[in-house]
Structures are given as structure tokens and as C-alpha cells.
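Step one of this worksheet: look at the structure below.
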Amino acid sequence: MSGNQGSFSLFQEILADQTQEINDLRQYITNQEQQLNTMKERLMRIRIAVLMNESVLRPFFRVPPRQRDPSYYPVIDMDLEAIEWMQANNIGGQQNAIRRFEAIYGMNLRKCKILVRTAPEEIVEAMNQRAELHYSPCYRRSLRDNSKIKRMKLICSEIIKLWEDCQSAAYPSDQIMVKRSNLERLLNEFWDGQGKKTEWFGKRKVNLSGNKVV
């Protein structure tokens with residue numbers, strides 16, 4: 001009998017330890033979820049602030065690129081999520097945010113949702129790049145490179161248009177590749193020029209098959 005009691009006590013200890021481990025794991029998961037929710041809310045509020053008021057970007061662009069918070073760069077799917085977050089949390093100024101969103105990305109909200117959901121990655125990249133060319137002061141204030149910046153915006157628009165026009169035809173991958181190559185060349189020429197003029201921006205190489213290197 002005592003042997004059975006000893007085995008039962010050992011079983012209870014093991015069960016208690018496992019229960020504690022499970023509770024600790026649940027608490028860890030809860031803490032992680034809270035941290036993720038806090039981070040997401042911060043990100044959403046940053047994107048909303050940018051959409052609502054462009055002046056929010058001024059301090060962002062006053063620091064060298066390597067020190068900038070990437071949360072402030074235009075990313076279309078993130079901004080779509082920010083608008084949905086505004087709607088879900090009943091935050092005021094939604095129409096103003098939507099108008100700014102459509103001005104930044106050059107397309108109405110409904111079409112942007114379709115694009116993000118269905119377009120290949122390089123098309124979404126073109127949307128993001130065109131948005132950055134639209135509102136980044138380092139592009140907007142560069143009078144010397146104004147024609148080059150206009151050309152880069154046009155190439156981004158042409159890439160997007162190629163995708164829009166191919167819905168019932170074969171995807172024009174070769175044409176898009178050529179335009180992406182031209183865009184990459186112009187972007188690198190622009191940043192090489194910025195590097196020669198000042199160390200403020202630094203030299204930034206762009207590889208459209210991967211990420212920007214700043």
C-alpha cells in the first residue's frame with residue numbers, strides 16, 4: 001500500500017510540475033501577445049500620423065538614413081492595415097487619411113486593396129517606390145535631379161500599368177524586368193549624386209531584386 005502511495009505522490013509531483021510549466025508557457029505567450037499588440041499599435045499610430053499630417057515626416061528626414069525608423073517609410077500594405085485599424089477602432093479622421101493615402105499611392109483605396117491582394121511582389125514594390133518618390137523630401141527638394149525623379153515616377157507608373165493591362169493576357173515579365181532595371185539604374189545614379197554632394201544622405205545602393213541598402 002505504501003508503495004502505491006509513493007507512486008501516487010510522485011505522479012502528483014510530476015503533474016504539478018507539468019501544470020506549472022504549462023501555466024508559465026501560457027503566461028509567456030500572453031506577454032508576447034501583449035508586446036506584439038503594443039508594437040502593432042505603435043506602428044499603426046505612426047502610419048496614421050503620417051497619413052493625417054505630412055509634417056510628421058520632417059523630423060524623420062532630418063536624421064541620416066541609417067538612423068531613421070523604417071516605420072515611417074511608405075509601405076502600401078501597412079498603410080492599408082492602418083486605415084482598417086482606424087475603422088475597427090473608430091478613430092476619427094478616416095476620410096482625411098484615405099484622401100492622403102490615395103494621393104501618396106496615386107490610386108483609389110479599392111484598387112489598392114485589389115493590387116496588394118493579387119499583384120506580384122515587383123508591382124507592389126513599384127507602388128511603394130513611387131510613393132517614396134512622391135513624398136520623401138530628399139527627392140522633392142532635389143531640383144538638380146528633378147527630371148530624373150519624374151522619369152523614375154513614370155517608370156513606376158508604367159510598371160503598374162503593365163500589370164493592370166495584362167489581366168487577360170500573359171504577364172509581361174520581360175518588359176517589367178527592363179523597366180525595373182532602368183529604375184534601379186536611375187535610383188543608384190541619384191543616390192551616387194547625393195553621396196558626392198553631401199554625407200547627409202550617405203551613399204545608398206538600390207537593388208530592386210532585394211532590399212534597399214542604406
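Every chain in the C-alpha cells has a letter given in the order shown (A, B, ...), and although residue numbers restart at 1 in each chain, ligands are simply numbered from 1 in the order shown.
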
Using DSSP on the backbone coordinates, identify all residues within region 6-164 of chain A classified as helix (DSSP H, G or I); present the result as a PyMOL selection string.
chain A and resi 6-52+54-60+65-67+70-72+76-88+94-105+109-118+121-135+137-140+146-164

Contacts of region 61-110 of chain A with region 143-156 of chain A up to 12 Å, shortest pair per row, only C-alpha atoms, as a tab-separated table:
```
residue	atom	partner	partner_atom	distance
A:Ile104	CA	A:Lys153	CA	11.9
A:Tyr105	CA	A:Cys156	CA	10.9
A:Gly106	CA	A:Lys153	CA	10.6
```

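The shell of residues at most 12 Å from Lys161 (chain A), with only C-alpha atoms counted and near chain neighbours (fewer than 4 positions) removed, consists of Gly106, Met107, Leu115, Ala119, Ile123, Val124, Ala126, Met127, Leu154, Ile155, Cys156, Ser157, Asp165, Cys166, Gln167, Tyr171, Pro172, Gln175, Ile176 and Lys179 of chain A.
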
So that I can check the surroundings of Ser173 (chain A), please list as a list in words every protein, DNA and RNA residue that reaches within 10 Å of it, counting only C-alpha atoms and ignoring chain neighbours fewer than 3 positions away.
Glu122, Ile159, Leu162, Trp163, Ala170, Ile176, Met177, Val178 and Lys179 of chain A

Which one of A:Ile91, A:Ile22, A:Met44, A:Ile76 sits closest to Glu121 (chain A) if you count only C-alpha atoms?
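Of A:Ile91, A:Ile22, A:Met44, A:Ile76, the one nearest Glu121 (chain A) is A:Ile76, counting only C-alpha atoms.
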
Ranking A:Glu158, A:Asp69, A:Asp17, A:Asp77 by minimum distance to Asn128 (chain A) and counting only C-alpha atoms, which one comes first?
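For Asn128 (chain A), the nearest of the candidates is A:Asp77.
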
What separation in Å, quoted to one decimal, exists between CA of Arg99 (chain A) and CA of Lys40 (chain A)?
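Value for the CA of Arg99 (chain A)-CA of Lys40 (chain A) distance: 22.8 Å.
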